[in-house]
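Here the structure comes first, spelled out in structure tokens, and everything after it is commentary.
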Number of protein chains: 4
Amino acid sequence: MLHDNTAKIAHAEAPSDCRAPGADAQFPRVGREVRPDGSVVSIGDVAFGADEFVVIAGPCAVESHALYDEAARLVSRLGARVLRGGAFKPRTSPDSFQGLGMSGLTIMQQASREYGVPFVTEVMSPEMVGEMEPIVDAFQVGARNMQNFALLEAIGQTRTPVMLKRNFGATVSEWLKAAEYIAKGGNDQILLCERGIRSFGDETRFTLDLAGAMWAKQRSHLPVIIDPSHAIGIPDLLAGAVAAGAAAGLDGVMVEVHPDASRALCDADQALTPTQFEELMERVAPIARAAGRSI
Amino acid sequence: MLHDNTAKIAHAEAPSDCRAPGADAQFPRVGREVRPDGSVVSIGDVAFGADEFVVIAGPCAVESHALYDEAARLVSRLGARVLRGGAFKPRTSPDSFQGLGMSGLTIMQQASREYGVPFVTEVMSPEMVGEMEPIVDAFQVGARNMQNFALLEAIGQTRTPVMLKRNFGATVSEWLKAAEYIAKGGNDQILLCERGIRSFGDETRFTLDLAGAMWAKQRSHLPVIIDPSHAIGIPDLLAGAVAAGAAAGLDGVMVEVHPDASRALCDADQALTPTQFEELMERVAPIARAAGRSI
Amino acid sequence: MLHDNTAKIAHAEAPSDCRAPGADAQFPRVGREVRPDGSVVSIGDVAFGADEFVVIAGPCAVESHALYDEAARLVSRLGARVLRGGAFKPRTSPDSFQGLGMSGLTIMQQASREYGVPFVTEVMSPEMVGEMEPIVDAFQVGARNMQNFALLEAIGQTRTPVMLKRNFGATVSEWLKAAEYIAKGGNDQILLCERGIRSFGDETRFTLDLAGAMWAKQRSHLPVIIDPSHAIGIPDLLAGAVAAGAAAGLDGVMVEVHPDASRALCDADQALTPTQFEELMERVAPIARAAGRSI
Amino acid sequence: MLHDNTAKIAHAEAPSDCRAPGADAQFPRVGREVRPDGSVVSIGDVAFGADEFVVIAGPCAVESHALYDEAARLVSRLGARVLRGGAFKPRTSPDSFQGLGMSGLTIMQQASREYGVPFVTEVMSPEMVGEMEPIVDAFQVGARNMQNFALLEAIGQTRTPVMLKRNFGATVSEWLKAAEYIAKGGNDQILLCERGIRSFGDETRFTLDLAGAMWAKQRSHLPVIIDPSHAIGIPDLLAGAVAAGAAAGLDGVMVEVHPDASRALCDADQALTPTQFEELMERVAPIARAAGRSI
């Protein structure tokens with residue numbers, strides 16, 4: 001990161017990045033015209049952007065081995081194909097629970113192996129990329145780090161899949177340009193995740209920008225999913241939102257499920273109970289199939 | 001409107017309004033607890049809030065008899081159950097086309113009878129309510145007039161159904177409270193329509209607040225539809241958005257269709273061509289059915 | 001209002017409106033190039049857009065003769081040059097206090113004569129314009145009615161000054177185009193008032209768009225003031241905001257002052273006490289003078 | 001950064017952070033009640049939060065030694081007390097000019113010594129903190145990194161002053177909590193900078209949240225400045241905005257000035273020419289003095 005850029009001004013691009021000849025000036029690597037049929041991004045053996053509408057589920061944070069194992073068992077049995085969970089948590093206040101750190105990663109890895117489902121988890125700084133790379137199935141870049149360019153560049157140097165969440169104050173174009181930073185390093189295994197934007201209302205937690213997610217899918221070749229748990233924050237509305245995402249042609253969804261939702265250490269109000277998650281899957285399945293996707 | 005309110009301060013409510021005993025303090029007439037099973041609102045013989053996912057279609061403005069007749073014939077043949085069209089157009093600039101006025105109403109009424117589909121059209125001031133009432137099947141209150149309280153009160157005195165669009169700068173709660181103004185006069189035939197809110201992005205015309213529409217349906221007993229033409233403004237994204245609305249459990253949709261979309265006098269870029277509308281209906285039908293609705 | 005517009009499509013403009021030959025296409029009547037030196041708009045004998053930084057003050061609503069008289073006496077003694085107060089109040093819920101109606105107008109008129117200061121008050125529907133015109137010194141168009149075009153047209157037919165508040169969801173350009181509706185009727189006595197826009201934060205009531213107000217002044221010839229009471233809603237921050245408006249070159253301010261602020265029937269938390277208003281005037285006066293304005 | 005947090009869950013706080021006993025739960029280290037009279041933060045010998053209204057000026061990016069030296073000479077002669085300039089630039093697209101890197105730092109350091117004014121420049125990742133610390137007079141945390149918690153923690157471990165810009169999608173409370181991350185490490189030399197938030201309008205580049213900046217100053221003890229160049233982006237409006245900031249009681253301003261503004265490599269349209277900067281200083285000085293500040 002710490003280098004002299006003087007020589008770079010005249011010739012901006014290295015030849016080995018993901019940019020196609022003749023590609024769109026705005027999104028030269030992730031623009032739809034680079035791959036008109038769209039990309040498939042695989043986390044473990046689960047493919048995003050192909051036939052399946054993929055459900056990622058799990059608790060917000062890894063709190064203990066027992067709780068995470070129970071969550072992983074439940075959600076994988078009910079149809080989740082990828083696990084989620086945070087070991088390093090980006091919290092607004094430094095005095096909030098910050099996650100279990102490396103031991104949280106170990107807990108997720110064990111559950112992932114036990115139940116045969118890959119997992120995705122957040123990485124928060126460039127220096128963590130190397131240490132986490134051998135452990136995780138996919139990196140998550142959180143909304144607050146969407147324009148942490150040093151982090152994006154570090155991930156761009158790996159070949160590990162990455163789920164790039166949209167920042168709540170960023171336009172869709174800025175989100176795609178953040179993906180360009182990763183792709184420029186040569187890593188094109190990028191999954192986009194819309195998680196709600198800031199707007200003026202207070203009825204829902206954020207504003208789910210479904211049309212923005214559709215625009216991202218139309219204008220880029222990357223698979224796109226939504227995270228209605230963070231966007232909406234009201235468990236009763238999640239099943240409808242997930243069904244909407246499937247109907248809109250998006251590639252999957254990430255939802256928070258907690259075995260004991262009311263006692264979650266983080267975002268307790270928005271997690272689904274196992275029963276709610278089961279009902280969600282039952283409601284969404286026929287919609288996904290009607291939209292031409294397996295689930 | 002012009003009266004002395006002094007006597008009203010102490011006793012705020014007339015006894016004959018739609019408010020149920022024991023109703024929610026926030027939405028005493030339109031709150032879900034007033035009618036836990038939801039209301040059915042009928043425009044002509046078309047019921048919103050019942051089994052059907054209802055499609056309203058037509059051009060933005062009525063431009064001529066020939067064009068409107070052609071549009072009405074096309075969309076009714078392809079499955080639209082209610083016609084839309086503006087005779088009085090609320091335009092940002094006074095120098096833009098303002099609509100045909102009363103002759104536009106006549107044109108819509110003729111097409112409505114010809115093709116056997118009711119129509120909804122915008123009313124812009126209290127004094128127009130009485131003159132339009134015998135002609136229209138339903139009033140539309142446009143986004144800019146959502147808090148034109150004199151207009152809401154005038155409509156509340158009629159028994160004509162009304163589609164109340166959400167203002168692009170209003171919260172969902174403010175929208176439901178605007179519906180309270182209509183209901184307070186005794187008119188409970190209110191259909192809510194989300195048409196996009198203002199936010200910071202410029203990729204779509206406005207931001208379709210799908211979760212806000214879901215919240216409105218959860219918290220009120222009124223049927224709720226979306227207007228993705230105004231919310232998104234990109235014809236290629238409309239079919240996905242309409243399918244999303246059906247999957248989310250909403251009650252219908254309003255879309256702009258123009259027989260010669262590129263030459264529309266108003267909002268030309270966002271209208272669907274007849275072919276695009278036909279493809280939309282084909283894509284949406286299986287989704288609506290999978291969500292348990294006829295279409 | 002209810003007429004046939006067919007004949008108007010081909011020739012859009014009447015010859016007698018305020019549009020200058022060769023004026024800017026975007027704002028043909030209120031654009032700065034129409035009057036490069038700016039307009040002066042007078043309410044009674046108080047000129048906006050001239051040498052003075054004008055303070056409008058008073059309670060949100062007229063609640064009783066005694067309270068309003070006391071408020072008028074206090075604020076006029078402390079330097080307010082125009083009185084404010086609502087007789088017809090646009091309230092989000094129909095069950096909130098709606099104002100005293102015509103008797104409120106009479107109360108304001110009496111206080112205005114008693115203390116020798118003109119008053120401005122809100123008009124909410126076209127049919128009220130004619131009845132209020134002989135009584136009021138200036139109309140106020142509230143934020144919720146900024147795009148109530150029938151109301152704007154009715155006011156455009158009068159020659160009474162009008163304060164046009166910006167809608168909280170409207171762009172500055174839309175605000176200036178709303179002013180065009182009034183000017184098109186021949187009434188060019190238009191004072192613009194920025195009262196805060198919707199954004200995502202909740203620390204202040206709305207977001208005071210000071211730069212938007214400055215842009216309006218740069219691009220139009222109309223005088224521009226701010227209403228920090230509604231925009232910010234925190235009495236301790238008002239004096240600083242008013243001083244900022246004076247420093248930025250705006251033409252005045254409107255603030256809420258209530259003789260017994262904690263018991264106001266409307267927006268109680270945001271009104272200044274008489275003592276706070278006095279402190280505000282003392283803080284603002286040297287700033288206004290340093291900015292080249294009397295106060 | 002990469003550690004096991006298990007042991008930290010039960011006892012959240014180290015004893016050596018900046019938190020005062022009995023401090024506000026929301027902002028335990030930067031809350032106003034911690035230091036009711038406010039903090040003074042010094043960059044070099046220039047004090048923010050004391051008597052002076054401080055002007056920081058310079059080009060957006062360091063482009064060459066000659067241009068930066070000229071800019072530094074001009075702005076320091078005209079009254080700027082701190083230099084600004086970017087060596088590492090956070091650009092939305094990876095294909096835009098990224099800054100000169102370390103050689104840019106050297107250029108700034110030389111100009112700073114030559115003209116006797118300290119400089120502030122952006123740091124973009126935790127690993128750069130150590131290398132830049134001996135060179136810079138103050139770090140800048142850019143808007144996009146406001147919640148890059150690893151970066152905030154790294155800066156918290158230094159004793160170098162830091163200017164923390166508000167993210168354009170962050171609430172004021174989130175901004176103050178980001179400052180808590182720095183303060184928790186023991187570094188209390190934090191200067192807050194409001195640089196505009198995202199909202200729906202497009203007349204100005206962002207929306208300058210002047211009242212939000214005032215709220216930050218009221219609720220925290222930290223000095224607060226504004227950056228109208230990024231917030232507004234229209235050179236003609238900057239002088240008024242800076243004057244407004246002084247009148248509102250804020251502690252200073254940061255503006256972009258470029259010796260050849262139309263040819264700047266970065267944000268060319270928004271930089272002031274030297275002449276415009278001189279006029280700005282002449283307009284602001286009497287306002288700052290009327291507000292009780294030297295300049």
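Residue numbering restarts at 1 for every chain of the structure tokens, chains are lettered A, B, ... in their displayed order, and ligands are numbered from 1 as they appear.
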
Hey, could you make a per-residue contact list for chain A against chain C with 9 Å as the cut-off, showing the nearest pair of atoms and its distance in Å to one decimal, counting only C-alpha atoms, sorted by chain and number, as a tab-separated table?
```
residue	atom	partner	partner_atom	distance
A:Arg198	CA	C:Phe200	CA	5.8
A:Ser199	CA	C:Phe200	CA	4.8
A:Phe200	CA	C:Phe200	CA	4.4
A:Gly201	CA	C:Phe200	CA	7.4
A:Asp202	CA	C:Phe200	CA	8.8
```

Would you write out chain A as a tab-separated table (two decimals) with C-alpha atoms, in the first residue's frame, after superposing it on chain B by least squares over all in-order Cα pairs?
```
chain	number	residue	atom	x	y	z
A	1	MET	CA	-63.57	24.59	4.43
A	2	LEU	CA	-63.90	28.16	5.55
A	3	HIS	CA	-65.43	27.94	8.97
A	4	ASP	CA	-64.86	28.71	12.60
A	5	ASN	CA	-63.20	25.85	14.42
A	6	THR	CA	-63.31	27.35	17.88
A	7	ALA	CA	-66.01	25.01	19.10
A	8	LYS	CA	-64.15	21.97	17.88
A	9	ILE	CA	-61.14	22.11	20.13
A	10	ALA	CA	-62.70	20.41	23.11
A	11	HIS	CA	-64.45	17.53	21.32
A	12	ALA	CA	-62.42	16.46	18.36
A	13	GLU	CA	-64.45	13.74	16.67
A	14	ALA	CA	-67.83	13.36	15.01
A	15	PRO	CA	-69.51	10.05	15.89
A	16	SER	CA	-70.14	8.91	12.31
A	17	ASP	CA	-66.59	8.49	11.04
A	18	CYS	CA	-64.97	5.13	10.29
A	19	ARG	CA	-63.17	4.81	13.58
A	20	ALA	CA	-63.72	1.58	15.47
A	21	PRO	CA	-64.14	1.49	19.23
A	22	GLY	CA	-60.85	0.55	20.85
A	23	ALA	CA	-58.90	1.14	17.65
A	24	ASP	CA	-55.19	1.85	17.53
A	25	ALA	CA	-54.37	5.39	18.55
A	26	GLN	CA	-52.05	5.88	15.62
A	27	PHE	CA	-54.41	4.80	12.83
A	28	PRO	CA	-57.86	4.71	14.43
A	29	ARG	CA	-59.79	4.13	11.17
A	30	VAL	CA	-57.39	2.44	8.77
A	31	GLY	CA	-55.34	0.42	11.28
A	32	ARG	CA	-55.24	-3.34	10.76
A	33	GLU	CA	-56.92	-4.01	14.11
A	34	VAL	CA	-60.06	-2.24	12.84
A	35	ARG	CA	-60.55	-5.04	10.30
A	36	PRO	CA	-58.07	-7.84	10.97
A	37	ASP	CA	-58.99	-9.71	7.79
A	38	GLY	CA	-58.36	-6.69	5.58
A	39	SER	CA	-60.70	-4.62	3.42
A	40	VAL	CA	-61.81	-5.26	-0.10
A	41	VAL	CA	-62.02	-2.10	-2.22
A	42	SER	CA	-63.87	-2.33	-5.51
A	43	ILE	CA	-63.41	-0.13	-8.55
A	44	GLY	CA	-66.34	-0.99	-10.78
A	45	ASP	CA	-66.54	-4.75	-10.49
A	46	VAL	CA	-62.84	-5.23	-9.83
A	47	ALA	CA	-61.94	-6.11	-6.25
A	48	PHE	CA	-58.62	-5.12	-4.66
A	49	GLY	CA	-57.64	-6.99	-1.52
A	50	ALA	CA	-59.40	-10.21	-2.51
A	51	ASP	CA	-58.20	-13.19	-4.59
A	52	GLU	CA	-56.95	-11.32	-7.60
A	53	PHE	CA	-53.63	-9.59	-8.21
A	54	VAL	CA	-55.04	-6.67	-10.18
A	55	VAL	CA	-53.25	-4.93	-13.02
A	56	ILE	CA	-54.10	-1.30	-13.80
A	57	ALA	CA	-52.64	-0.07	-17.08
A	58	GLY	CA	-52.79	2.72	-19.61
A	59	PRO	CA	-50.92	5.77	-20.78
A	60	CYS	CA	-49.73	8.50	-18.41
A	61	ALA	CA	-51.87	11.20	-20.01
A	62	VAL	CA	-54.89	11.11	-22.29
A	63	GLU	CA	-53.55	12.68	-25.46
A	64	SER	CA	-56.28	12.03	-28.04
A	65	HIS	CA	-59.36	9.90	-28.51
A	66	ALA	CA	-57.67	7.65	-31.04
A	67	LEU	CA	-54.55	6.99	-28.98
A	68	TYR	CA	-56.45	6.39	-25.77
A	69	ASP	CA	-58.93	4.06	-27.44
A	70	GLU	CA	-56.07	2.05	-28.89
A	71	ALA	CA	-54.30	1.87	-25.55
A	72	ALA	CA	-57.47	0.80	-23.75
A	73	ARG	CA	-58.19	-1.91	-26.33
A	74	LEU	CA	-54.66	-3.27	-26.12
A	75	VAL	CA	-54.23	-3.35	-22.36
A	76	SER	CA	-57.69	-4.73	-21.65
A	77	ARG	CA	-57.14	-7.52	-24.17
A	78	LEU	CA	-53.81	-8.37	-22.50
A	79	GLY	CA	-55.26	-8.64	-19.03
A	80	ALA	CA	-55.43	-5.17	-17.51
A	81	ARG	CA	-58.57	-4.97	-15.37
A	82	VAL	CA	-58.63	-1.24	-14.73
A	83	LEU	CA	-57.63	1.65	-17.02
A	84	ARG	CA	-55.48	4.56	-15.97
A	85	GLY	CA	-54.90	7.92	-17.63
A	86	GLY	CA	-54.62	11.56	-16.71
A	87	ALA	CA	-56.95	14.31	-17.91
A	88	PHE	CA	-55.65	16.84	-15.41
A	89	LYS	CA	-51.90	16.42	-15.06
A	90	PRO	CA	-49.90	17.79	-12.13
A	91	ARG	CA	-46.73	18.92	-13.86
A	92	THR	CA	-43.69	20.34	-12.12
A	93	SER	CA	-43.54	23.27	-14.52
A	94	PRO	CA	-46.59	25.35	-15.53
A	95	ASP	CA	-45.26	25.38	-19.07
A	96	SER	CA	-45.47	21.60	-19.53
A	97	PHE	CA	-48.51	19.91	-21.09
A	98	GLN	CA	-51.25	20.08	-18.45
A	99	GLY	CA	-53.67	17.49	-19.83
A	100	LEU	CA	-56.86	17.71	-21.90
A	101	GLY	CA	-59.10	18.56	-18.95
A	102	MET	CA	-62.80	17.61	-19.09
A	103	SER	CA	-62.60	16.35	-22.64
A	104	GLY	CA	-59.96	13.89	-21.48
A	105	LEU	CA	-62.42	12.53	-18.94
A	106	THR	CA	-64.99	11.96	-21.68
A	107	ILE	CA	-62.44	10.09	-23.76
A	108	MET	CA	-61.61	7.79	-20.85
A	109	GLN	CA	-65.26	7.21	-20.03
A	110	GLN	CA	-65.98	6.19	-23.62
A	111	ALA	CA	-63.06	3.77	-23.74
A	112	SER	CA	-64.02	2.35	-20.36
A	113	ARG	CA	-67.52	1.55	-21.64
A	114	GLU	CA	-66.28	0.28	-24.98
A	115	TYR	CA	-63.95	-2.29	-23.44
A	116	GLY	CA	-65.83	-3.00	-20.23
A	117	VAL	CA	-63.10	-1.94	-17.82
A	118	PRO	CA	-63.44	0.75	-15.15
A	119	PHE	CA	-60.99	3.67	-15.01
A	120	VAL	CA	-59.17	5.71	-12.39
A	121	THR	CA	-57.96	9.26	-12.94
A	122	GLU	CA	-56.44	12.04	-10.91
A	123	VAL	CA	-58.38	14.82	-9.21
A	124	MET	CA	-56.32	17.85	-8.28
A	125	SER	CA	-58.50	20.20	-6.22
A	126	PRO	CA	-61.49	20.05	-3.89
A	127	GLU	CA	-63.73	21.97	-6.25
A	128	MET	CA	-63.22	19.37	-8.99
A	129	VAL	CA	-64.44	16.53	-6.79
A	130	GLY	CA	-68.13	17.21	-7.30
A	131	GLU	CA	-67.91	17.61	-11.06
A	132	MET	CA	-65.79	14.54	-11.59
A	133	GLU	CA	-67.69	12.29	-9.19
A	134	PRO	CA	-70.48	11.27	-11.61
A	135	ILE	CA	-67.98	10.48	-14.36
A	136	VAL	CA	-65.08	8.58	-12.82
A	137	ASP	CA	-64.99	5.05	-11.45
A	138	ALA	CA	-62.30	5.99	-8.96
A	139	PHE	CA	-60.38	9.09	-7.98
A	140	GLN	CA	-56.62	9.15	-7.86
A	141	VAL	CA	-54.89	11.45	-5.37
A	142	GLY	CA	-51.44	12.08	-6.79
A	143	ALA	CA	-48.23	11.97	-4.81
A	144	ARG	CA	-47.93	15.77	-4.72
A	145	ASN	CA	-51.39	16.08	-3.17
A	146	MET	CA	-51.09	13.34	-0.56
A	147	GLN	CA	-51.21	15.97	2.18
A	148	ASN	CA	-53.59	18.36	0.41
A	149	PHE	CA	-55.97	17.98	3.30
A	150	ALA	CA	-58.80	20.02	1.77
A	151	LEU	CA	-58.78	17.62	-1.18
A	152	LEU	CA	-58.72	14.57	1.10
A	153	GLU	CA	-61.65	15.93	3.09
A	154	ALA	CA	-63.66	16.61	-0.06
A	155	ILE	CA	-63.10	13.04	-1.27
A	156	GLY	CA	-63.95	11.76	2.19
A	157	GLN	CA	-67.44	13.23	1.71
A	158	THR	CA	-68.04	11.11	-1.41
A	159	ARG	CA	-68.49	7.37	-1.62
A	160	THR	CA	-66.33	7.02	-4.71
A	161	PRO	CA	-63.29	4.74	-4.39
A	162	VAL	CA	-59.96	6.52	-4.22
A	163	MET	CA	-56.40	5.46	-4.94
A	164	LEU	CA	-54.13	7.41	-2.59
A	165	LYS	CA	-50.57	7.59	-3.84
A	166	ARG	CA	-47.77	7.99	-1.36
A	167	ASN	CA	-45.89	11.25	-1.53
A	168	PHE	CA	-42.23	10.74	-2.43
A	169	GLY	CA	-41.13	12.60	0.69
A	170	ALA	CA	-43.65	11.08	3.12
A	171	THR	CA	-43.17	8.30	5.63
A	172	VAL	CA	-45.50	5.32	5.53
A	173	SER	CA	-47.12	6.53	8.74
A	174	GLU	CA	-47.87	9.91	7.18
A	175	TRP	CA	-49.39	8.10	4.20
A	176	LEU	CA	-51.71	6.11	6.46
A	177	LYS	CA	-52.63	9.28	8.35
A	178	ALA	CA	-53.54	10.92	5.04
A	179	ALA	CA	-55.85	7.95	4.49
A	180	GLU	CA	-57.33	8.74	7.90
A	181	TYR	CA	-58.44	12.14	6.56
A	182	ILE	CA	-60.48	10.41	3.85
A	183	ALA	CA	-61.82	7.75	6.18
A	184	LYS	CA	-62.81	10.35	8.75
A	185	GLY	CA	-65.37	11.72	6.29
A	186	GLY	CA	-66.91	8.28	6.03
A	187	ASN	CA	-65.34	7.04	2.78
A	188	ASP	CA	-63.49	3.81	3.47
A	189	GLN	CA	-62.99	2.76	-0.16
A	190	ILE	CA	-59.28	3.59	-0.11
A	191	LEU	CA	-56.62	1.85	-2.16
A	192	LEU	CA	-53.00	2.68	-1.29
A	193	CYS	CA	-50.38	3.01	-4.03
A	194	GLU	CA	-46.62	3.18	-3.43
A	195	ARG	CA	-44.90	5.00	-6.32
A	196	GLY	CA	-41.33	5.45	-5.17
A	197	ILE	CA	-39.66	7.72	-2.66
A	198	ARG	CA	-36.89	10.23	-2.96
A	199	SER	CA	-33.44	9.01	-2.09
A	200	PHE	CA	-29.91	9.78	-3.15
A	201	GLY	CA	-29.32	7.49	-6.10
A	202	ASP	CA	-29.87	8.39	-9.71
A	203	GLU	CA	-29.85	4.97	-11.33
A	204	THR	CA	-33.62	4.61	-10.95
A	205	ARG	CA	-36.14	7.46	-11.14
A	206	PHE	CA	-37.19	7.15	-7.52
A	207	THR	CA	-36.60	4.35	-4.98
A	208	LEU	CA	-39.36	1.75	-4.95
A	209	ASP	CA	-40.06	1.17	-1.26
A	210	LEU	CA	-41.39	-2.37	-1.46
A	211	ALA	CA	-40.90	-3.01	2.25
A	212	GLY	CA	-42.73	0.22	3.02
A	213	ALA	CA	-45.68	-1.02	0.97
A	214	MET	CA	-45.56	-4.31	2.87
A	215	TRP	CA	-45.48	-2.44	6.16
A	216	ALA	CA	-48.54	-0.44	5.08
A	217	LYS	CA	-50.38	-3.66	4.35
A	218	GLN	CA	-49.34	-5.21	7.65
A	219	ARG	CA	-50.34	-2.21	9.74
A	220	SER	CA	-53.52	-1.15	7.93
A	221	HIS	CA	-56.48	-3.06	6.56
A	222	LEU	CA	-56.37	-1.28	3.22
A	223	PRO	CA	-55.30	-2.97	-0.02
A	224	VAL	CA	-51.91	-1.84	-1.31
A	225	ILE	CA	-50.50	-1.75	-4.83
A	226	ILE	CA	-47.28	-0.44	-6.39
A	227	ASP	CA	-46.59	1.83	-9.37
A	228	PRO	CA	-43.17	0.74	-10.63
A	229	SER	CA	-43.38	2.90	-13.75
A	230	HIS	CA	-43.00	6.07	-11.73
A	231	ALA	CA	-40.83	4.48	-9.06
A	232	ILE	CA	-38.23	2.95	-11.36
A	233	GLY	CA	-38.74	4.50	-14.78
A	234	ILE	CA	-36.81	1.80	-16.68
A	235	PRO	CA	-39.08	-0.39	-18.83
A	236	ASP	CA	-36.71	-3.37	-18.74
A	237	LEU	CA	-36.95	-3.60	-14.96
A	238	LEU	CA	-40.73	-3.36	-14.63
A	239	ALA	CA	-41.70	-6.99	-15.12
A	240	GLY	CA	-39.36	-8.07	-12.33
A	241	ALA	CA	-40.71	-5.38	-10.03
A	242	VAL	CA	-44.31	-6.34	-10.71
A	243	ALA	CA	-43.51	-9.99	-10.07
A	244	ALA	CA	-41.85	-8.92	-6.83
A	245	GLY	CA	-44.98	-7.07	-5.77
A	246	ALA	CA	-47.10	-10.17	-6.39
A	247	ALA	CA	-44.64	-12.37	-4.51
A	248	ALA	CA	-44.60	-9.96	-1.59
A	249	GLY	CA	-48.33	-10.35	-1.12
A	250	LEU	CA	-49.40	-6.97	-2.41
A	251	ASP	CA	-52.74	-6.55	-4.16
A	252	GLY	CA	-51.87	-5.26	-7.59
A	253	VAL	CA	-49.90	-2.93	-9.70
A	254	MET	CA	-50.31	0.12	-11.92
A	255	VAL	CA	-48.12	0.40	-15.01
A	256	GLU	CA	-47.85	2.84	-17.87
A	257	VAL	CA	-48.41	1.42	-21.33
A	258	HIS	CA	-48.49	3.55	-24.46
A	259	PRO	CA	-49.28	2.34	-27.99
A	260	ASP	CA	-46.43	4.47	-29.28
A	261	ALA	CA	-44.29	4.83	-26.19
A	262	SER	CA	-41.46	6.81	-27.65
A	263	ARG	CA	-43.83	9.59	-28.69
A	264	ALA	CA	-45.79	9.95	-25.43
A	265	LEU	CA	-46.29	13.61	-24.43
A	266	CYS	CA	-45.54	12.80	-20.82
A	267	ASP	CA	-42.95	10.50	-19.25
A	268	ALA	CA	-42.19	8.98	-22.64
A	269	ASP	CA	-39.16	7.04	-21.51
A	270	GLN	CA	-40.87	5.03	-18.85
A	271	ALA	CA	-43.95	3.70	-20.68
A	272	LEU	CA	-44.06	0.08	-21.79
A	273	THR	CA	-44.74	-0.80	-25.39
A	274	PRO	CA	-47.66	-3.19	-25.93
A	275	THR	CA	-45.17	-5.98	-26.58
A	276	GLN	CA	-43.33	-5.27	-23.34
A	277	PHE	CA	-46.63	-5.25	-21.48
A	278	GLU	CA	-47.56	-8.62	-22.96
A	279	GLU	CA	-44.23	-10.07	-21.86
A	280	LEU	CA	-44.72	-8.59	-18.40
A	281	MET	CA	-48.09	-10.30	-18.03
A	282	GLU	CA	-46.61	-13.62	-19.12
A	283	ARG	CA	-43.81	-13.36	-16.60
A	284	VAL	CA	-45.99	-12.20	-13.73
A	285	ALA	CA	-48.88	-14.65	-14.09
A	286	PRO	CA	-47.09	-17.77	-12.78
A	287	ILE	CA	-45.60	-15.80	-9.89
A	288	ALA	CA	-48.97	-14.41	-8.87
A	289	ARG	CA	-50.45	-17.91	-8.98
A	290	ALA	CA	-47.57	-19.31	-6.93
A	291	ALA	CA	-48.35	-16.60	-4.42
A	292	GLY	CA	-51.94	-17.80	-4.28
A	293	ARG	CA	-53.54	-15.09	-6.38
A	294	SER	CA	-55.47	-15.17	-9.64
A	295	ILE	CA	-54.47	-12.70	-12.32
```

Backbone DSSP call of alpha helix (DSSP H) for stretch 144-228 of chain A, listed as a VMD selection string: chain A and resid 149 to 156 172 to 184 210 to 219 228

Per-residue DSSP, stretch 43-282 of chain B, filtered to strand (DSSP E), as a ChimeraX atom specification: /B:43,46-48,54-58,82-84,119-122,138-141,162-165,190-194,224-226,252-256
